[in-house]
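K.L.:
TSV, C-alpha atoms, file final30.tsv:
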```tsv
chain	number	residue	atom	x	y	z
A	1	MET	CA	156.28	67.69	122.97
A	2	SER	CA	156.69	64.38	121.16
A	3	TYR	CA	154.14	61.78	120.10
A	4	GLN	CA	154.06	58.00	120.29
A	5	TYR	CA	152.70	56.17	117.24
A	6	THR	CA	151.73	52.49	117.55
A	7	ALA	CA	151.00	50.60	114.32
A	8	LEU	CA	148.83	47.47	114.58
A	9	GLY	CA	148.08	44.96	111.88
A	10	ASP	CA	149.23	42.52	109.26
A	11	SER	CA	151.83	42.51	106.47
A	12	LEU	CA	150.67	45.94	105.29
A	13	THR	CA	151.82	47.28	108.66
A	14	THR	CA	155.17	45.47	108.39
A	15	GLY	CA	155.62	46.97	104.91
A	16	PHE	CA	156.00	43.58	103.23
A	17	GLY	CA	156.67	43.89	99.49
A	18	ALA	CA	158.53	47.21	99.66
A	19	LEU	CA	162.13	48.14	100.40
A	20	PRO	CA	162.93	48.89	104.07
A	21	GLY	CA	161.68	52.34	105.06
A	22	ASN	CA	159.10	52.41	102.24
A	23	GLY	CA	156.15	50.79	104.05
A	24	PHE	CA	153.27	53.07	104.97
A	25	VAL	CA	154.26	53.18	108.67
A	26	PRO	CA	157.62	54.98	108.29
A	27	VAL	CA	156.28	57.18	105.47
A	28	TYR	CA	153.19	58.17	107.49
A	29	ARG	CA	155.32	58.72	110.61
A	30	SER	CA	157.44	61.30	108.80
A	31	MET	CA	154.32	62.95	107.32
A	32	ALA	CA	152.89	63.16	110.86
A	33	GLU	CA	156.11	64.78	112.11
A	34	GLY	CA	155.76	67.43	109.41
A	35	ARG	CA	152.14	68.17	110.23
A	36	LEU	CA	152.49	68.06	114.01
A	37	ARG	CA	155.88	69.85	113.98
A	38	SER	CA	157.10	67.41	116.62
A	39	ASN	CA	159.04	64.19	116.91
A	40	VAL	CA	156.90	61.09	116.34
A	41	PHE	CA	158.31	57.82	117.66
A	42	SER	CA	156.84	54.65	116.20
A	43	THR	CA	156.34	51.12	117.52
A	44	ASN	CA	155.51	48.69	114.71
A	45	LEU	CA	153.54	45.68	115.96
A	46	GLY	CA	152.67	44.39	112.49
A	47	VAL	CA	152.74	40.60	111.95
A	48	ASN	CA	152.75	39.02	108.50
A	49	GLY	CA	149.69	36.83	107.99
A	50	LEU	CA	147.82	38.20	111.03
A	51	THR	CA	144.01	37.85	110.96
A	52	THR	CA	141.38	39.77	112.90
A	53	ALA	CA	141.09	36.82	115.32
A	54	GLY	CA	144.87	36.81	115.89
A	55	LEU	CA	145.00	40.55	116.55
A	56	GLU	CA	142.04	40.39	118.90
A	57	GLN	CA	143.80	37.70	120.98
A	58	ARG	CA	147.00	39.76	121.14
A	59	LEU	CA	145.17	42.88	122.30
A	60	ARG	CA	143.46	40.95	125.07
A	61	GLY	CA	146.40	38.86	126.24
A	62	ASN	CA	149.73	40.42	125.26
A	63	PRO	CA	151.16	43.04	127.66
A	64	VAL	CA	153.57	44.34	124.98
A	65	TYR	CA	150.60	45.31	122.81
A	66	GLN	CA	148.65	46.71	125.74
A	67	GLN	CA	151.50	48.92	126.96
A	68	ALA	CA	152.34	50.16	123.46
A	69	LEU	CA	148.71	51.18	122.96
A	70	GLN	CA	148.18	52.75	126.37
A	71	GLY	CA	151.08	55.10	125.70
A	72	ALA	CA	150.14	55.97	122.10
A	73	GLU	CA	148.59	59.20	120.86
A	74	LEU	CA	148.48	57.92	117.28
A	75	ILE	CA	147.31	54.41	116.37
A	76	THR	CA	146.92	52.85	112.92
A	77	LEU	CA	145.13	49.60	112.22
A	78	SER	CA	145.43	47.49	109.05
A	79	ILE	CA	143.62	44.19	109.38
A	80	GLY	CA	141.10	42.00	107.54
A	81	GLY	CA	142.91	41.22	104.30
A	82	ASN	CA	144.19	37.85	105.53
A	83	ASP	CA	140.68	36.83	106.58
A	84	LEU	CA	139.67	37.20	102.93
A	85	ILE	CA	142.84	35.58	101.54
A	86	ARG	CA	142.48	32.52	103.81
A	87	ALA	CA	138.82	32.08	102.96
A	88	ALA	CA	139.46	32.47	99.21
A	89	LYS	CA	142.33	29.96	99.29
A	90	SER	CA	140.19	27.45	101.17
A	91	THR	CA	137.63	27.51	98.33
A	92	ALA	CA	140.17	26.87	95.55
A	93	GLY	CA	138.94	24.18	93.18
A	94	GLN	CA	135.45	24.21	94.67
A	95	GLY	CA	132.34	25.53	92.98
A	96	ASP	CA	130.77	28.75	94.23
A	97	PRO	CA	132.84	30.20	97.10
A	98	SER	CA	130.09	32.60	98.20
A	99	ARG	CA	128.96	30.68	101.31
A	100	VAL	CA	132.49	30.28	102.70
A	101	LEU	CA	133.31	33.92	102.00
A	102	ARG	CA	130.07	35.10	103.60
A	103	ARG	CA	130.81	33.20	106.79
A	104	ALA	CA	134.39	34.52	106.86
A	105	LEU	CA	133.11	38.08	106.43
A	106	GLU	CA	130.69	37.74	109.35
A	107	GLU	CA	133.49	36.39	111.59
A	108	CYS	CA	135.84	39.12	110.41
A	109	LYS	CA	133.31	41.87	111.24
A	110	GLN	CA	132.64	40.34	114.66
A	111	ASN	CA	136.38	40.19	115.44
A	112	PHE	CA	136.84	43.74	114.17
A	113	ALA	CA	134.12	44.94	116.54
A	114	GLU	CA	135.93	43.21	119.43
A	115	ILE	CA	139.22	44.85	118.39
A	116	MET	CA	137.62	48.31	118.47
A	117	VAL	CA	136.01	47.66	121.88
A	118	THR	CA	139.34	46.45	123.30
A	119	LEU	CA	141.18	49.49	121.89
A	120	GLN	CA	138.66	51.79	123.56
A	121	GLN	CA	139.03	49.91	126.85
A	122	LEU	CA	142.83	50.18	126.70
A	123	LYS	CA	142.56	53.92	126.03
A	124	SER	CA	139.77	54.61	128.52
A	125	GLY	CA	142.14	55.90	131.21
A	126	SER	CA	144.08	58.09	128.77
A	127	ARG	CA	144.33	61.75	129.73
A	128	GLU	CA	146.14	62.64	126.53
A	129	PRO	CA	144.14	63.09	123.32
A	130	TYR	CA	144.63	60.25	120.84
A	131	ILE	CA	143.48	59.27	117.36
A	132	ILE	CA	142.90	55.92	115.65
A	133	ARG	CA	143.24	55.54	111.89
A	134	ILE	CA	141.84	52.46	110.11
A	135	VAL	CA	143.37	51.45	106.77
A	136	GLY	CA	140.63	50.24	104.43
A	137	LEU	CA	141.10	47.17	102.24
A	138	TYR	CA	141.90	46.97	98.55
A	139	ASN	CA	141.00	43.81	96.64
A	140	PRO	CA	143.95	41.40	96.21
A	141	TYR	CA	141.76	39.29	93.86
A	142	PRO	CA	140.32	41.85	91.42
A	143	GLN	CA	139.38	39.08	88.96
A	144	MET	CA	137.06	37.48	91.57
A	145	TYR	CA	133.76	39.36	91.84
A	146	GLN	CA	132.89	37.71	95.18
A	147	ALA	CA	136.14	39.11	96.64
A	148	THR	CA	135.25	42.59	95.35
A	149	GLU	CA	131.91	42.36	97.14
A	150	TRP	CA	133.64	41.08	100.31
A	151	VAL	CA	136.11	43.98	100.40
A	152	GLN	CA	133.42	46.58	99.74
A	153	GLN	CA	131.21	45.18	102.51
A	154	PHE	CA	134.11	45.10	104.97
A	155	ASN	CA	135.05	48.68	104.10
A	156	ARG	CA	131.46	49.85	104.56
A	157	TYR	CA	131.40	48.18	107.96
A	158	ALA	CA	134.78	49.51	109.15
A	159	SER	CA	134.03	53.05	107.96
A	160	GLN	CA	131.05	53.16	110.36
A	161	TYR	CA	133.57	53.55	113.19
A	162	SER	CA	134.43	57.06	111.98
A	163	SER	CA	134.20	59.58	114.80
A	164	ARG	CA	136.06	62.53	116.32
A	165	ILE	CA	138.77	60.07	117.40
A	166	CYS	CA	138.59	57.46	114.67
A	167	GLY	CA	139.16	57.97	110.93
A	168	PHE	CA	138.82	55.55	108.01
A	169	ALA	CA	141.33	55.77	105.14
A	170	SER	CA	139.65	54.51	101.98
A	171	ILE	CA	142.20	53.11	99.52
A	172	TYR	CA	139.95	50.82	97.45
A	173	GLY	CA	139.39	53.36	94.67
A	174	GLU	CA	143.10	54.12	94.30
A	175	PHE	CA	144.06	50.47	93.93
A	176	SER	CA	141.10	49.32	91.81
A	177	GLY	CA	142.29	49.15	88.21
A	178	ASN	CA	145.80	50.31	89.22
A	179	GLU	CA	146.98	47.01	90.71
A	180	ARG	CA	149.82	46.67	88.21
A	181	GLY	CA	151.35	49.98	89.26
A	182	LEU	CA	150.70	49.75	93.00
A	183	LEU	CA	151.28	46.09	93.88
A	184	SER	CA	154.63	44.33	94.26
A	185	ILE	CA	155.67	41.32	92.16
A	186	ASP	CA	153.64	38.93	94.34
A	187	HIS	CA	150.46	40.76	93.16
A	188	LEU	CA	149.16	40.69	96.75
A	189	HIS	CA	151.13	43.33	98.69
A	190	PRO	CA	151.66	46.98	97.82
A	191	ASN	CA	154.99	48.16	96.43
A	192	GLY	CA	156.61	51.41	97.59
A	193	ARG	CA	154.21	53.47	95.46
A	194	GLY	CA	151.23	51.58	96.87
A	195	TYR	CA	152.36	52.16	100.44
A	196	ARG	CA	152.79	55.87	99.72
A	197	VAL	CA	149.17	55.98	98.53
A	198	ILE	CA	148.12	54.48	101.88
A	199	ALA	CA	150.25	56.99	103.83
A	200	ASP	CA	148.80	59.87	101.76
A	201	ARG	CA	145.24	58.77	102.53
A	202	LEU	CA	146.04	58.51	106.25
A	203	ASN	CA	147.72	61.92	106.25
A	204	ALA	CA	144.75	63.47	104.42
A	205	LEU	CA	142.48	62.54	107.36
A	206	GLY	CA	144.29	65.11	109.48
A	207	TYR	CA	145.35	64.71	113.09
A	208	GLY	CA	142.20	65.60	114.99
A	209	ARG	CA	142.87	66.93	118.47
A	210	LEU	CA	146.61	66.24	118.18
A	211	GLY	CA	147.13	69.36	116.10
```
Go ahead and render the structure in this file as structure tokens.

P.N.:
Amino acid sequence: MSYQYTALGDSLTTGFGALPGNGFVPVYRSMAEGRLRSNVFSTNLGVNGLTTAGLEQRLRGNPVYQQALQGAELITLSIGGNDLIRAAKSTAGQGDPSRVLRRALEECKQNFAEIMVTLQQLKSGSREPYIIRIVGLYNPYPQMYQATEWVQQFNRYASQYSSRICGFASIYGEFSGNERGLLSIDHLHPNGRGYRVIADRLNALGYGRLG
């Protein structure tokens, strides 16, 4: 028995900021192999800079994504950070960014809901058990209190999808106050240690009906 692991998301999924092989996807894949005592083959569909809207479009219209998901028993999802980063950058030099960030958060949550619906539709014909693991957000702008609020609200929203199939990996607490040790030199993306924290949190959620 072997398992297929499909990783969806943004630059966290690609492992940007760490040396090759040190992103959370390859680290988590090998942890899953250890726990499931089986080969786990991964397909990494991460795209640097991807937003929730971009991922939603790909899931609906890209057969490569659809096929990779239909055949997967293990799915991870890291998305939402670029929605915040784009909104925060668009407010640079302006006064209070709260209104722009609030609107971006509402759109992000709406897109996230669409992503989850589409994932369930793609998996609806699946005879094999499968699990979905959502990677929570850390705050790339810890000095900006509005961004902290944004990340916490998004995490609260995404964690509501927790179920027998779906698990939410909370990483906010690990990164908060430890940014210097867990982020790469760009101060936005995790370094190898940061990605290992993410993989550890995913692994700690267990593997549900897979084993």

K.L.:
Could you tell me how far CA of Tyr161 (chain A) sits from CA of Ala204 (chain A), in Å to one decimal place?

P.N.:
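That distance, rounded to one decimal, is 17.3 Å.
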
K.L.:
I want to know what sits within 9 Å of region 4-15 of chain A, based on all atoms listed in the file, with residues of the same chain fewer than 2 positions away left out; could you give that as an MDAnalysis selection string?

P.N.:
chainID A and resid 2 17:26 29 39:52 55 65 68:69 71:82 189:192 195

K.L.:
Between A:Gln57, A:Gln146, A:Gln67, A:Asn111, which has the minimum distance to Ser98 (chain A) (counting only C-alpha atoms)?

P.N.:
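That would be A:Gln146, the residue with the smallest distance to Ser98 (chain A).
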
K.L.:
Check the smallest atom-to-atom distance from each of A:Gly177, A:Pro129, A:Gly167, A:Gly208 to Thr148 (chain A) using all atoms listed in the file, then report the winner.

P.N.:
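Ranked by minimum distance to Thr148 (chain A), first place goes to A:Gly177.
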
K.L.:
Please tabulate, as a tab-separated table, the residues of region 63-135 of chain A that come within 12 Å of region 151-158 of chain A, each with its closest pair of atoms and the distance in Å to one decimal, counting all atoms listed in the file and ordering rows by chain, then residue number upward.

P.N.:
```
residue	atom	partner	partner_atom	distance
A:Leu77	CA	A:Ala158	CA	10.8
A:Ser78	CA	A:Ala158	CA	10.8
A:Ile79	CA	A:Ala158	CA	10.3
A:Gly80	CA	A:Phe154	CA	8.1
A:Gly81	CA	A:Val151	CA	8.3
A:Asn82	CA	A:Val151	CA	11.4
A:Asp83	CA	A:Val151	CA	10.5
A:Leu84	CA	A:Val151	CA	8.1
A:Ile85	CA	A:Val151	CA	10.8
A:Leu101	CA	A:Val151	CA	10.6
A:Arg102	CA	A:Gln153	CA	10.2
A:Ala104	CA	A:Phe154	CA	10.8
A:Leu105	CA	A:Phe154	CA	7.2
A:Glu106	CA	A:Phe154	CA	9.2
A:Glu107	CA	A:Phe154	CA	11.0
A:Cys108	CA	A:Phe154	CA	8.3
A:Lys109	CA	A:Phe154	CA	7.1
A:Gln110	CA	A:Tyr157	CA	10.4
A:Asn111	CA	A:Ala158	CA	11.4
A:Phe112	CA	A:Ala158	CA	7.9
A:Ala113	CA	A:Ala158	CA	8.7
A:Ile115	CA	A:Ala158	CA	11.3
A:Met116	CA	A:Ala158	CA	9.8
A:Arg133	CA	A:Ala158	CA	10.7
A:Ile134	CA	A:Ala158	CA	7.7
A:Val135	CA	A:Ala158	CA	9.1
```

K.L.:
For CA of Ala92 (chain A) and CA of Gly54 (chain A), quote the distance in Å rounded to one decimal.

P.N.:
23.1 Å
